[in-house]
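Heads up: the structure comes next, in structure tokens.
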Amino acid sequence: MGKKDLNTGLKLGVDSKWQYSPAPESTSHINLKKKYDLFIDGKWVAPSSGKYFDTINPATEEKIADIAEANEKDVDKAVKAARKAFGPWSKLPAKERAKFIYRIARLIQERAREFSVIESLDGGKAIRESRDVDVPLAAAHFFYNAGWADKLDYAFPGKKPEAIGVAGQIIPWNFPLLMAAWKLAPALACGNTVVLKPAETTPLTALKLAELVQEAGLPDGVVNIVTGAGSTGSSIVNHNDIDKIAFTGSTGVGKIIQKSIVGTNKRATLELGGKAANIIFEDAPIDQAVEGIINGIYFNQGHVCCAGSRLFIEEPVYDQVIRKLKDRINTLIVGDPLDKNTDIGAINSKAQLKTIKDYIKIGKKEGAEFFEGSCSLPSKGFFCKPTLFTGVAQSNKIVQEEIFGPVLAVQTFRSVDEVIKKANNTPYGLSAGVWTDKGSKIFNLTSQMRAGVVWANTYNKFDPASPFGGYKESGFGREGGLHGLSAYLNLN
Ligand code: ADP
């Protein structure tokens, strides 16, 4: 949610819903096929099993397209194509490689509107977010990494940077295009070739990206996109000619992948779950902090590994923050992802909606006090109101476990030591937020937080130059910046 959008929300106020008039984005300019095959060796090929699965629009529950299901044989074909392409691609002068990557970046910008609409149709996120965050940031990752392609010798002085080989990349459903960009751009800039698998509920923008790869004229086999569910991902992980696995997804699957690659020479980066603490001190700019809390947890329906899903409020400002927060929650509009006024779109899938509802039941059973936004929900599709729990205990499941939905658990604190202890007390360590007027508090906190990213007086700010990744069960390795490039290089 950009500042602009947050202001609009504030102006709406609690009792002015009657002013709201839907403004759905047109879908007439988008170009989607009814059936998508696999993108292997520069061509669209049917899956060897002949099987296809549906991708549906989570806001309407209607089918959008048939998507090919890749099995072990198809994955093998894709890996072979990537292996064949690796030699020539990695030996291409780096400035030539960069040109292809710049071309992809520019094509994303040219098709930004189409990509935004498809992302919202397939995944359920509000169009403002697809348009203002996902798509521009995806282009920015290609631009940023293209710029490094011919400067790697300078970036790593004294080393001889070499591409690793064939990268298997498995991405989740919460930021489908953006995660594809995070994975593809540095891998290609360093001279690797790729087999990428999007998540089964959100394959469309990765498949559209394959069309751009063709249009940008990348040599055949440099980028291969295979679709399917967990078993397709597993075939990639276990293929013996893959050199590097890059995975973003759940901690559960991350652990399976870790076990599968023990004893092999495969390198891995794993970006897994989170349960971030968003910490509000009494000297914080409270209105700004409330916006940061809203953005932290309800952005992208809460389907964000770095979501600020635990809120810690210093006791003296507890009542004030909660009052403002509840008022602000009541202004949020949940509904049609294609509507430009929508704040919270559709939950990505029926299964994820059930997971979120189960956690809400657990929270209530654990004795926490429940609050939800006053908005109405569409009658069809998978939707969930913005919710918050107060009066939670540190040991509660809704405090310890990642929900990946619009559910906020609120606690209070009296001292810096107490809040650091509580904030660090989950299995995760991906991100955190701190809101205070005092720079010294920020530095004290950031140095003691076991979190890969700590935002101060802001939240959910991303930049291709910033490394991103976690401690503990949030995974290992960093994506973004030079750290992200080094994950695709042998630096001898
Ligand atoms: P979620 O539980 O939130 O759906 P997952 O971690 O299951 O997240 O999914 C992230 C990505 O990992 C998806 O592309 C999914 O298909 C893939 N995946 C799921 N299971 C496996 C597995 N055993 N091995 C490799 N990839 C997998």
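Each chain in the structure tokens gets a letter, A, B and so on, in the order shown; residues start at 1 in every chain, and ligands are counted from 1 in the order they appear.
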Those of region 281-321 of chain A in DSSP helix (DSSP H, G or I), formatted as number ranges by chain
A: 286-302, 315-321
Please identify all protein, DNA and RNA residues within 10 Å of ligand 1, counting only C-alpha atoms and all ligand atoms, and report them as a ChimeraX atom specification.
/A:168-174,176,196-203,227-238,245,247-258,260,271-273,303-305,348-349,351-352,403-404
Those same residues, written as a compact mmCIF listing (two decimals), in the first residue's frame with N, CA and C atoms?
# COMPACT_ATOMS: atom_id res chain seq x y z
N GLY A 168 17.77 -24.81 -10.36
CA GLY A 168 16.37 -25.21 -10.22
C GLY A 168 15.72 -24.23 -9.27
N GLN A 169 14.69 -23.55 -9.73
CA GLN A 169 14.10 -22.49 -8.92
C GLN A 169 12.62 -22.78 -8.68
N ILE A 170 12.24 -22.78 -7.43
CA ILE A 170 10.85 -23.12 -7.07
C ILE A 170 10.27 -21.96 -6.29
N ILE A 171 9.15 -21.45 -6.77
CA ILE A 171 8.64 -20.20 -6.17
C ILE A 171 7.21 -20.38 -5.64
N PRO A 172 6.81 -19.49 -4.74
CA PRO A 172 5.49 -19.61 -4.10
C PRO A 172 4.42 -18.78 -4.82
N TRP A 173 3.22 -18.74 -4.21
CA TRP A 173 2.06 -18.12 -4.87
C TRP A 173 1.76 -16.71 -4.38
N ASN A 174 2.53 -16.19 -3.45
CA ASN A 174 2.15 -14.88 -2.89
C ASN A 174 2.62 -13.69 -3.72
N PRO A 176 3.88 -14.00 -7.35
CA PRO A 176 4.32 -14.91 -8.42
C PRO A 176 5.31 -14.30 -9.42
N LEU A 196 12.60 -23.19 -13.92
CA LEU A 196 11.81 -22.53 -12.87
C LEU A 196 10.41 -23.12 -12.81
N LYS A 197 9.96 -23.33 -11.57
CA LYS A 197 8.58 -23.82 -11.39
C LYS A 197 7.77 -22.82 -10.56
N PRO A 198 6.72 -22.26 -11.15
CA PRO A 198 5.83 -21.40 -10.35
C PRO A 198 4.91 -22.27 -9.49
N ALA A 199 4.22 -21.65 -8.54
CA ALA A 199 3.28 -22.40 -7.69
C ALA A 199 2.06 -22.80 -8.51
N GLU A 200 1.44 -23.90 -8.09
CA GLU A 200 0.34 -24.45 -8.89
C GLU A 200 -0.91 -23.56 -8.91
N THR A 201 -1.08 -22.68 -7.91
CA THR A 201 -2.28 -21.83 -7.94
C THR A 201 -2.04 -20.52 -8.69
N THR A 202 -0.79 -20.22 -9.01
CA THR A 202 -0.49 -18.93 -9.67
C THR A 202 0.55 -19.06 -10.78
N PRO A 203 0.26 -19.89 -11.80
CA PRO A 203 1.30 -20.10 -12.82
C PRO A 203 1.32 -19.04 -13.93
N THR A 227 5.45 -26.27 -15.17
CA THR A 227 4.37 -26.06 -14.21
C THR A 227 3.96 -27.39 -13.59
N GLY A 228 3.38 -27.31 -12.41
CA GLY A 228 2.94 -28.51 -11.71
C GLY A 228 2.93 -28.24 -10.22
N ALA A 229 2.60 -29.27 -9.45
CA ALA A 229 2.49 -29.11 -8.00
C ALA A 229 3.80 -29.54 -7.31
N GLY A 230 3.68 -29.95 -6.05
CA GLY A 230 4.87 -30.31 -5.27
C GLY A 230 5.72 -31.40 -5.91
N SER A 231 5.05 -32.37 -6.57
CA SER A 231 5.84 -33.48 -7.14
C SER A 231 6.75 -32.99 -8.27
N THR A 232 6.29 -31.98 -9.00
CA THR A 232 7.14 -31.40 -10.06
C THR A 232 8.35 -30.72 -9.40
N GLY A 233 8.08 -30.00 -8.31
CA GLY A 233 9.16 -29.34 -7.57
C GLY A 233 10.16 -30.37 -7.07
N SER A 234 9.62 -31.46 -6.56
CA SER A 234 10.48 -32.52 -6.03
C SER A 234 11.35 -33.13 -7.14
N SER A 235 10.79 -33.27 -8.35
CA SER A 235 11.59 -33.80 -9.47
C SER A 235 12.74 -32.86 -9.80
N ILE A 236 12.52 -31.57 -9.64
CA ILE A 236 13.61 -30.61 -9.89
C ILE A 236 14.68 -30.78 -8.82
N VAL A 237 14.23 -30.79 -7.56
CA VAL A 237 15.18 -30.87 -6.44
C VAL A 237 16.04 -32.13 -6.55
N ASN A 238 15.40 -33.24 -6.96
CA ASN A 238 16.12 -34.52 -6.95
C ASN A 238 16.81 -34.85 -8.27
N ILE A 245 19.79 -25.12 -6.01
CA ILE A 245 18.35 -25.00 -5.77
C ILE A 245 18.09 -23.66 -5.10
N PHE A 247 14.85 -21.86 -3.45
CA PHE A 247 13.46 -22.14 -3.08
C PHE A 247 12.91 -21.02 -2.21
N THR A 248 11.71 -20.60 -2.49
CA THR A 248 10.96 -19.73 -1.57
C THR A 248 9.63 -20.41 -1.33
N GLY A 249 9.30 -20.61 -0.05
CA GLY A 249 8.04 -21.29 0.28
C GLY A 249 7.97 -21.58 1.75
N SER A 250 7.20 -22.61 2.08
CA SER A 250 6.96 -22.90 3.50
C SER A 250 8.20 -23.54 4.15
N THR A 251 8.28 -23.38 5.46
CA THR A 251 9.38 -23.99 6.21
C THR A 251 9.31 -25.51 6.09
N GLY A 252 8.08 -26.06 6.07
CA GLY A 252 7.92 -27.52 5.96
C GLY A 252 8.58 -28.05 4.70
N VAL A 253 8.27 -27.45 3.56
CA VAL A 253 8.86 -27.92 2.29
C VAL A 253 10.36 -27.61 2.27
N GLY A 254 10.74 -26.48 2.84
CA GLY A 254 12.18 -26.14 2.92
C GLY A 254 12.97 -27.25 3.62
N LYS A 255 12.37 -27.80 4.68
CA LYS A 255 13.07 -28.87 5.42
C LYS A 255 13.17 -30.14 4.58
N ILE A 256 12.10 -30.42 3.83
CA ILE A 256 12.14 -31.60 2.93
C ILE A 256 13.27 -31.43 1.91
N ILE A 257 13.36 -30.23 1.35
CA ILE A 257 14.39 -29.98 0.33
C ILE A 257 15.78 -30.12 0.93
N GLN A 258 15.94 -29.56 2.13
CA GLN A 258 17.25 -29.65 2.80
C GLN A 258 17.67 -31.12 2.96
N SER A 260 16.63 -33.65 1.19
CA SER A 260 16.86 -34.31 -0.11
C SER A 260 18.23 -34.01 -0.68
N GLU A 271 14.36 -19.53 1.28
CA GLU A 271 13.70 -18.39 1.92
C GLU A 271 12.34 -18.90 2.39
N LEU A 272 12.21 -19.02 3.71
CA LEU A 272 11.06 -19.77 4.24
C LEU A 272 10.09 -18.86 5.02
N GLY A 273 9.46 -19.41 6.04
CA GLY A 273 8.39 -18.68 6.72
C GLY A 273 8.89 -17.59 7.65
N HIS A 303 -0.52 -12.59 2.99
CA HIS A 303 0.25 -13.69 2.37
C HIS A 303 1.68 -13.18 2.12
N VAL A 304 2.39 -12.93 3.19
CA VAL A 304 3.72 -12.34 3.06
C VAL A 304 4.61 -12.98 4.13
N CYS A 305 5.74 -13.55 3.71
CA CYS A 305 6.58 -14.23 4.70
C CYS A 305 7.15 -13.25 5.72
N ASN A 348 -5.72 -16.57 -1.55
CA ASN A 348 -5.22 -17.22 -2.76
C ASN A 348 -5.93 -18.53 -3.13
N SER A 349 -6.36 -19.30 -2.16
CA SER A 349 -6.98 -20.58 -2.48
C SER A 349 -7.95 -20.98 -1.37
N ALA A 351 -7.94 -23.79 0.13
CA ALA A 351 -7.16 -24.47 1.19
C ALA A 351 -6.55 -23.43 2.15
N GLN A 352 -6.05 -22.32 1.59
CA GLN A 352 -5.42 -21.31 2.45
C GLN A 352 -6.47 -20.61 3.30
N ILE A 403 0.65 -17.84 9.99
CA ILE A 403 -0.72 -18.05 9.52
C ILE A 403 -0.84 -17.73 8.03
N PHE A 404 -0.10 -16.77 7.56
CA PHE A 404 -0.10 -16.36 6.15
C PHE A 404 -1.48 -15.85 5.74
One residue among A:Pro337, A:Lys99, A:Ser415, A:Lys275 is nearest to Tyr471 (chain A) when using only C-alpha atoms, and that residue is A:Lys275
Nearby residues (only C-alpha atoms) at most 12 Å from Gly429 (chain A), same-chain spacing under 2 positions excluded, as a ChimeraX atom specification:
/A:251,271-277,305-308,400,402,423-427,431-432,448-454,468-476
For CA of Thr193 (chain A) and CA of Phe115 (chain A), determine how far apart the two atoms are, in Å to one decimal place.
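If I compute the distance from CA of Thr193 (chain A) to CA of Phe115 (chain A), I get 23.8 Å.
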Spatial neighbours of Phe299 (chain A), max dist 9 Å, only C-alpha atoms, sep filter under 4 positions, as a PyMOL selection string:
chain A and resi 1+125+129+294-295+303-304+307+343-344+406+460
Could you take the residues named above and write them with N, CA, C and O atoms, as an mmCIF file, in the first residue's frame?
data_model
loop_
_atom_site.group_PDB
_atom_site.id
_atom_site.type_symbol
_atom_site.label_atom_id
_atom_site.label_comp_id
_atom_site.auth_asym_id
_atom_site.auth_seq_id
_atom_site.Cartn_x
_atom_site.Cartn_y
_atom_site.Cartn_z
ATOM 1 N N MET A 1 0.841 -1.195 0.000
ATOM 2 C CA MET A 1 0.000 0.000 0.000
ATOM 3 C C MET A 1 0.875 1.244 0.000
ATOM 4 O O MET A 1 1.648 1.450 0.923
ATOM 5 N N LYS A 125 -4.636 -10.846 -5.522
ATOM 6 C CA LYS A 125 -4.169 -9.625 -4.833
ATOM 7 C C LYS A 125 -4.810 -8.378 -5.431
ATOM 8 O O LYS A 125 -5.165 -8.355 -6.620
ATOM 9 N N GLU A 129 -1.902 -3.148 -5.627
ATOM 10 C CA GLU A 129 -0.622 -3.742 -5.224
ATOM 11 C C GLU A 129 0.106 -4.351 -6.423
ATOM 12 O O GLU A 129 1.308 -4.159 -6.583
ATOM 13 N N ILE A 294 -0.938 -1.578 9.691
ATOM 14 C CA ILE A 294 -1.943 -1.994 8.691
ATOM 15 C C ILE A 294 -1.237 -2.565 7.460
ATOM 16 O O ILE A 294 -1.547 -3.660 6.983
ATOM 17 N N ASN A 295 -0.272 -1.817 6.959
ATOM 18 C CA ASN A 295 0.488 -2.251 5.792
ATOM 19 C C ASN A 295 1.242 -3.550 6.120
ATOM 20 O O ASN A 295 1.267 -4.491 5.327
ATOM 21 N N HIS A 303 -0.523 -12.593 2.986
ATOM 22 C CA HIS A 303 0.248 -13.688 2.366
ATOM 23 C C HIS A 303 1.676 -13.183 2.122
ATOM 24 O O HIS A 303 2.116 -13.014 0.982
ATOM 25 N N VAL A 304 2.388 -12.930 3.189
ATOM 26 C CA VAL A 304 3.722 -12.342 3.060
ATOM 27 C C VAL A 304 4.610 -12.975 4.130
ATOM 28 O O VAL A 304 4.266 -12.951 5.312
ATOM 29 N N ALA A 307 5.452 -10.620 6.815
ATOM 30 C CA ALA A 307 4.319 -9.861 7.373
ATOM 31 C C ALA A 307 4.541 -9.563 8.851
ATOM 32 O O ALA A 307 5.021 -10.414 9.609
ATOM 33 N N ASP A 343 -8.711 -2.709 -0.839
ATOM 34 C CA ASP A 343 -7.500 -2.757 -0.011
ATOM 35 C C ASP A 343 -7.027 -4.200 0.154
ATOM 36 O O ASP A 343 -5.830 -4.474 0.167
ATOM 37 N N ILE A 344 -7.976 -5.102 0.366
ATOM 38 C CA ILE A 344 -7.625 -6.504 0.612
ATOM 39 C C ILE A 344 -8.378 -7.361 -0.400
ATOM 40 O O ILE A 344 -9.618 -7.346 -0.446
ATOM 41 N N PRO A 406 -4.670 -12.461 6.969
ATOM 42 C CA PRO A 406 -4.850 -11.145 7.608
ATOM 43 C C PRO A 406 -5.200 -11.253 9.096
ATOM 44 O O PRO A 406 -6.264 -10.824 9.531
ATOM 45 N N ASN A 460 7.666 -3.188 5.146
ATOM 46 C CA ASN A 460 7.490 -3.749 3.799
ATOM 47 C C ASN A 460 8.066 -2.862 2.699
ATOM 48 O O ASN A 460 7.442 -2.636 1.666
#
Selection: 9 Å around Arg131 (chain A), only C-alpha atoms, excl. self and same-chain fewer than 2 positions, as a VMD selection string
chain A and resid 112 to 113 115 to 117 126 to 129 133 to 136
Tell me, as an mmCIF file with all heavy atoms, in the first residue's frame, which residues lie within 12 Å of Pro157 (chain A), counting only C-alpha atoms; anything in the same chain fewer than 5 positions away does not count.
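File produced: selection.cif:
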data_model
loop_
_atom_site.group_PDB
_atom_site.id
_atom_site.type_symbol
_atom_site.label_atom_id
_atom_site.label_comp_id
_atom_site.auth_asym_id
_atom_site.auth_seq_id
_atom_site.Cartn_x
_atom_site.Cartn_y
_atom_site.Cartn_z
ATOM 1 N N LYS A 151 30.002 -6.421 -14.456
ATOM 2 C CA LYS A 151 30.823 -5.771 -13.410
ATOM 3 C C LYS A 151 31.147 -6.729 -12.268
ATOM 4 O O LYS A 151 31.575 -6.298 -11.190
ATOM 5 C CB LYS A 151 30.094 -4.535 -12.854
ATOM 6 C CG LYS A 151 29.795 -3.507 -13.930
ATOM 7 C CD LYS A 151 28.851 -2.429 -13.464
ATOM 8 C CE LYS A 151 28.291 -1.638 -14.626
ATOM 9 N NZ LYS A 151 27.264 -2.366 -15.416
ATOM 10 N N LEU A 152 30.923 -8.008 -12.507
ATOM 11 C CA LEU A 152 31.091 -8.963 -11.401
ATOM 12 C C LEU A 152 32.549 -9.052 -10.938
ATOM 13 O O LEU A 152 32.816 -9.241 -9.747
ATOM 14 C CB LEU A 152 30.560 -10.349 -11.801
ATOM 15 C CG LEU A 152 29.044 -10.373 -12.043
ATOM 16 C CD1 LEU A 152 28.606 -11.709 -12.629
ATOM 17 C CD2 LEU A 152 28.262 -10.087 -10.757
ATOM 18 N N LEU A 491 32.865 -18.463 -6.302
ATOM 19 C CA LEU A 491 33.808 -17.356 -6.099
ATOM 20 C C LEU A 491 35.134 -17.911 -5.607
ATOM 21 O O LEU A 491 35.378 -18.015 -4.403
ATOM 22 C CB LEU A 491 33.219 -16.353 -5.081
ATOM 23 C CG LEU A 491 32.021 -15.540 -5.587
ATOM 24 C CD1 LEU A 491 31.327 -14.803 -4.448
ATOM 25 C CD2 LEU A 491 32.432 -14.565 -6.672
ATOM 26 N N ASN A 492 35.969 -18.324 -6.577
ATOM 27 C CA ASN A 492 37.233 -18.912 -6.134
ATOM 28 C C ASN A 492 38.374 -17.920 -6.270
ATOM 29 O O ASN A 492 38.258 -16.923 -6.938
ATOM 30 C CB ASN A 492 37.529 -20.158 -6.955
ATOM 31 C CG ASN A 492 36.429 -21.173 -6.742
ATOM 32 O OD1 ASN A 492 36.054 -21.447 -5.596
ATOM 33 N ND2 ASN A 492 35.880 -21.703 -7.812
#
Contacts of Trp182 (chain A) at 12 Å or less, counting only C-alpha atoms, minus same-chain residues fewer than 4 places along, as an MDAnalysis selection string?
chainID A and resid 134:135 137:145 169:172 175:178 186:189 196 246:248 271 462:468 478:481 484:485 487:488
What is the CA of Gln411 (chain A) to CA of Phe312 (chain A) distance in Å?
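Taking CA of Gln411 (chain A) as the start and CA of Phe312 (chain A) as the end point, the length is 4.9 Å.
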May I ask which of the residues A:Ile67, A:Tyr359, A:Asp283, A:Lys33 is the closest one to Lys441 (chain A), counting only C-alpha atoms?
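Counting only C-alpha atoms, the residue closest to Lys441 (chain A) is A:Asp283.
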Backbone DSSP call of strand (DSSP E or B) for region 140-388 of chain A, listed as a PyMOL selection string
chain A and resi 161-163+166-170+193-197+223-225+244-248+267-271+277-280+310-314+334+339+344+369-372+387-388
Same residues, C-alpha atoms, saved as an mmCIF file, in the first residue's frame:
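Output file again_28.cif is given in full below:
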data_model
loop_
_atom_site.group_PDB
_atom_site.id
_atom_site.type_symbol
_atom_site.label_atom_id
_atom_site.label_comp_id
_atom_site.auth_asym_id
_atom_site.auth_seq_id
_atom_site.Cartn_x
_atom_site.Cartn_y
_atom_site.Cartn_z
ATOM 1 C CA PRO A 161 33.392 -15.171 -10.413
ATOM 2 C CA GLU A 162 32.036 -18.124 -12.385
ATOM 3 C CA ALA A 163 28.472 -19.227 -13.045
ATOM 4 C CA VAL A 166 21.882 -25.158 -13.969
ATOM 5 C CA ALA A 167 19.665 -23.622 -11.302
ATOM 6 C CA GLY A 168 16.370 -25.214 -10.222
ATOM 7 C CA GLN A 169 14.099 -22.486 -8.919
ATOM 8 C CA ILE A 170 10.855 -23.124 -7.069
ATOM 9 C CA THR A 193 20.655 -21.344 -16.974
ATOM 10 C CA VAL A 194 17.379 -22.074 -15.260
ATOM 11 C CA VAL A 195 14.489 -24.467 -14.755
ATOM 12 C CA LEU A 196 11.811 -22.531 -12.873
ATOM 13 C CA LYS A 197 8.585 -23.817 -11.391
ATOM 14 C CA VAL A 223 15.100 -20.227 -19.297
ATOM 15 C CA ASN A 224 12.748 -23.196 -18.976
ATOM 16 C CA ILE A 225 9.433 -22.923 -17.166
ATOM 17 C CA LYS A 244 21.778 -25.116 -7.384
ATOM 18 C CA ILE A 245 18.346 -25.002 -5.765
ATOM 19 C CA ALA A 246 16.691 -21.697 -4.989
ATOM 20 C CA PHE A 247 13.464 -22.139 -3.076
ATOM 21 C CA THR A 248 10.965 -19.734 -1.566
ATOM 22 C CA ARG A 267 24.042 -25.531 -3.451
ATOM 23 C CA ALA A 268 20.887 -24.061 -1.966
ATOM 24 C CA THR A 269 19.254 -20.883 -0.805
ATOM 25 C CA LEU A 270 16.029 -21.268 1.134
ATOM 26 C CA GLU A 271 13.697 -18.386 1.917
ATOM 27 C CA ALA A 277 7.392 -8.609 15.367
ATOM 28 C CA ASN A 278 6.273 -5.038 14.720
ATOM 29 C CA ILE A 279 7.253 -3.034 17.821
ATOM 30 C CA ILE A 280 5.650 0.303 18.775
ATOM 31 C CA ARG A 310 2.887 -9.934 15.826
ATOM 32 C CA LEU A 311 2.338 -6.474 17.191
ATOM 33 C CA PHE A 312 4.057 -5.325 20.394
ATOM 34 C CA ILE A 313 2.729 -2.085 21.910
ATOM 35 C CA GLU A 314 4.445 -0.326 24.811
ATOM 36 C CA VAL A 334 -12.229 -6.255 1.115
ATOM 37 C CA ASP A 339 -11.307 -2.944 -8.218
ATOM 38 C CA ILE A 344 -7.625 -6.504 0.612
ATOM 39 C CA GLU A 369 -10.103 -11.456 22.302
ATOM 40 C CA PHE A 370 -11.139 -11.290 18.641
ATOM 41 C CA PHE A 371 -11.895 -8.268 16.454
ATOM 42 C CA GLU A 372 -12.634 -8.100 12.739
ATOM 43 C CA THR A 387 -8.754 -9.463 11.962
ATOM 44 C CA LEU A 388 -6.854 -8.892 15.171
#
Record the distance separating CA of Lys324 (chain A) and CA of Ser447 (chain A), expressed in Å with one decimal.
29.8 Å
